[in-house]
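Visitor: Have a look at this one.
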Amino acid sequence: MSINNDQPDLQRRDFIGKTVLAAGAATVAPGVLLTVANAGSDEGVSSAVRWGMLIDTNKCVDGCSACVEACDKENGIDLIERPQGQSDEMWNAQRPQWIRKVKLRDTQTGEISNLPMMCQHCEHPPCVDVCPTGASFKRADGIVMVDRHICIGCRYCMMACPYKARSFIHQDIAEQLTSAPRGKGCVESCHLCANRIDAGRETTACQDACNQEGHKAILFGDLKNPDSEIARALKAQHSRQIRADLELNTGVRYTNV
Amino acid sequence: MIKTQYRELYCSSPRYWGGLASLAFIILVGLGAAFYMEHNGHFVTGMSNQIVWGLPHVFAIFLIVAASGALNVASIGSVFGGPMYKPLGRFSGLLSIGLLAGGLVVLLLDLGRPDRLIVAMTTYNFKSIFAWNIILYTGFFTIVGLYLWAMMDRKFEQFKRPIGFAAFFWRLALTTGTGSIFGFLVAREAYDAAIMAPMFIIMSFSYGLAFFIITLMAAYWWADRSIGDLRLAKLKNLLGVFVGAVLYFALVYHLTNLYVTQHHGVERFILLDGGIYTNMFWIGQVVIGGIIPLFLLYSPAFATSRFAITVASLLVLIGGFFQIYVIVIGGQAFPMNLFPGKEVLESSFFDGVVAGYSPSLAEALLGIAGVAVSMILVAIGARMLRVLPESLEDPAEGECV
Amino acid sequence: MGSLSGIRRFAGMVVGGALMLLATGAISDSAVTKGSKAAGLDTCVAPTAAMRRNHMDYLKHDRRETVHKGIRNTQYSLAECVECHAEKDSAGAYKPVNADGQFCESCHSYVAVNLTCFQCHRKTPENMSGNGTAMREGDQRQVFGLLQSVDQPLSLSRDELTRLHAKIEGN
């Protein structure tokens, strides 16, 4: 990096503008330009979009955990070392799990369904309501996440979450990814790969992994854009929210469950 | 009427300092435990992502609830004008400050990031009942502090009643807030009930008074002062009423829940087949914390037995501890029903199964240290301030009419 | 101040002078560790004096932009501090910036200020630390060439941009 004047920022913006222009001119898909321009803006995320997910439980395969592994890798969860001498049960109860596979059977009909559970990114998130410091918050684009700079580790959000989506970091963390900071004593949960979205990408790690396996059970996108694939799918078929009785208007929805 | 003389709590040095030293030792051990927990992280405790609030929270909530109840005696004296309670007002204020401080110490030391206390004090989300509680707690210290001052300084005599009123309403708000911590949790079936707030208030009356009776008797034994039978009998009868009321509220709470089909699962869990939680409810909360104390308090056989009063108060506290344990831990252990009509066959995150919790020694030591912090504050306060009357002998006939 | 006798005043001046010397030593230009990328640059993302005095405020301001508003191309980013200021050891592996004698730690210990960033944040640059976790294969996207494919939409990460920036500036 070679910056010789006092206002490198302006130069950089200038440069980003040029890069984007060049890239845009060369790219066939015009949508890509839009995305990158968005990522570079100083406005930040906008409430004109709301990120969400649609999960087709019929396509979710029993025994497959590609999404969980991809999430662990994307967010550096696989870097967490198990404390010495900890039992399997305690390790499972204490390690962070942003996404988990759940297998269900209908008690009446015996129908089996598989689905991934994660933060449901509610429109009215109870975790945000209860957080004493405001560390638990909802971004303008609908992503619910934790600002771990001001999280005091009280775990009230974990008490309040109807989906058990949050994890507390119970131990010292030796190594993190640059894109996934993590430390003892704070609460964290799925943020729909916000780092990817901010970089202009429009897929989550779990979705990529599911597609790669050929299952295509996870669809991610902008709920507010009527032309997006997810919005069209939601319009076309019946889907449901988990614990719809709480009227939280979740951003993650399921079909065939 | 004989004027009440307040005097600092003097007793022989070895007795006082010995007691103080043993309390200090308990606190030191507890601080060591807290350091151990914070240094290693919470993985050394029994708490997990399933049971997120554990034994420290049980102790903390217990002490905080008791704290607001302990102020009751002062309120009866100055707000409702009960002459028998008036001389006890100062000590009641001191005790409530001590208990609250003890509870908050435990709560604070269990945070994931206790070093960010300053963040908790400066960054507020006003929609959070927890944030409101932080304000209620600090306000409680201030108001009760002023109340204590008004009771002790003759120059401020005229403020005693207004501040007493303020303190009374503040303590109601505080317990409502504490109860609402649970009452507002819509997600968990055991908690989502508005009755939580009034139930916590009546619980605070009972635990606070039990704490008051025990500490008062201990202080007077320590200092070789005497308490009159009549006064004790008043306190004792009041305790009986509160214990009965707590039982009544528990009954209403469970009856309401039983009426809601959706809540049958959690009721079955607490009342019938929840294992340790069922035992704690029936044996701990109902029998030890309710029926036996009621018997001890009201049976004519123990009418003047101070031993019976002490035991009854202790049992009320033990039963209260179990009650909060069942509410806090039992409520979390029962699985949340994410998929009504479905049973969970497989999950790596304990969906649909009762979460296990075995508290570690460190958690228990931290919690006990919280009680010791309360007691040491009260002991030091009583030694330095004139909060305890020289004598609590019953007034002569007809004086308290 | 009649109580200050001449000898005391003299001693005070000696001590004060020594402190000033120490202080200038501490803020001399050799603060950047040798062998880090920063050592080869003329200035940081802001003038050195401003960075020394205000870097914590800059970072604090921009972390809010990043976390709450999703703005990741802020002028001040901790990841970039690490990227530039991490020193390589003889084997070519990066040393953590908060290790003894390293850029962040040496100054923070000198002024006795707790360095809490790295309780949670990564302490070494990611792509070349050789720990296998960094920049996974999937992320090695073609950036500058005009070979964008539609299913791999264009995205420029912060450090990619910086590198390009440096290239254009003729470095």
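Ligands are numbered from 1 in the order shown, chains are lettered A, B, ... in the order of the structure tokens, and residues start at 1 in each chain.
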With the cut-off set at 12 Å and counting only C-alpha atoms, tabulate each residue of chain B with an atom at most that distance from an atom of chain C, showing the nearest atom pair and its distance in Å to one decimal, ordered by chain and increasing number, as JSON lines.

Guide:
{"residue": "B:Arg113", "atom": "CA", "partner": "C:Gln119", "partner_atom": "CA", "distance": 11.4}
{"residue": "B:Asp115", "atom": "CA", "partner": "C:Thr116", "partner_atom": "CA", "distance": 10.8}
{"residue": "B:Arg116", "atom": "CA", "partner": "C:Thr116", "partner_atom": "CA", "distance": 11.3}

Visitor: Could you please take those selected residues and save all heavy atoms as a CSV table (one decimal), in the first residue's frame?

Guide:
chain,number,residue,atom,x,y,z
B,113,ARG,N,-18.5,-11.2,30.2
B,113,ARG,CA,-17.5,-10.1,30.2
B,113,ARG,C,-17.7,-9.2,31.4
B,113,ARG,O,-18.2,-8.1,31.2
B,113,ARG,CB,-17.6,-9.4,28.9
B,113,ARG,CG,-17.5,-10.2,27.6
B,113,ARG,CD,-16.1,-10.7,27.4
B,113,ARG,NE,-15.1,-9.6,27.5
B,113,ARG,CZ,-14.2,-9.3,26.5
B,113,ARG,NH1,-14.3,-9.9,25.4
B,113,ARG,NH2,-13.4,-8.4,26.7
B,115,ASP,N,-15.7,-7.5,32.8
B,115,ASP,CA,-14.8,-6.3,32.6
B,115,ASP,C,-15.6,-5.2,31.9
B,115,ASP,O,-15.1,-4.1,31.8
B,115,ASP,CB,-13.5,-6.7,31.9
B,115,ASP,CG,-13.8,-7.5,30.6
B,115,ASP,OD1,-14.8,-8.3,30.6
B,115,ASP,OD2,-13.2,-7.3,29.6
B,116,ARG,N,-16.7,-5.6,31.3
B,116,ARG,CA,-17.4,-4.5,30.5
B,116,ARG,C,-18.6,-4.0,31.4
B,116,ARG,O,-19.6,-3.5,30.8
B,116,ARG,CB,-18.0,-5.1,29.2
B,116,ARG,CG,-16.9,-5.4,28.2
B,116,ARG,CD,-17.5,-5.8,26.9
B,116,ARG,NE,-16.4,-6.1,26.0
B,116,ARG,CZ,-16.6,-6.9,24.9
B,116,ARG,NH1,-17.8,-7.4,24.6
B,116,ARG,NH2,-15.6,-7.1,24.1

Visitor: Using only C-alpha atoms, which chain C residues lie at most 6 Å away from chain A, written as a list in words?

Guide: Ala46, Lys69, Gly70, Ile71, Gln119, Cys120, His121, Arg122, Ser155 and Ala166 of chain C

Visitor: Select all residues from chain B having any atom no more than 7 Å from an atom of chain A (counting only C-alpha atoms, ignoring ligands), output as JSON, numbers by chain.

Guide: {"B": [40, 41, 42, 43, 48, 49, 50, 52, 111, 112, 113, 114, 116, 119, 120, 123, 124, 125, 127, 128, 129, 130, 131, 185, 187, 338, 341, 342, 343, 344, 345, 346, 347, 348, 349]}

Visitor: What lies within 12 Å of Lys234 in chain B using only C-alpha atoms, ignoring chain neighbours under 6 positions off, as a PyMOL selection string?

Guide: chain B and resi 73+76+82-85+209+213+227-228+240-241+297-298+303-304+309+394

Visitor: Got a sec: who's within 6 Å of Gly221 in chain A, counting only C-alpha atoms, leaving out chain neighbours fewer than 3 positions off, as a list in words?

Guide: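 Residues near the query, excluding close chain neighbours: Trp51, Gly52 and Ile230 of chain A.
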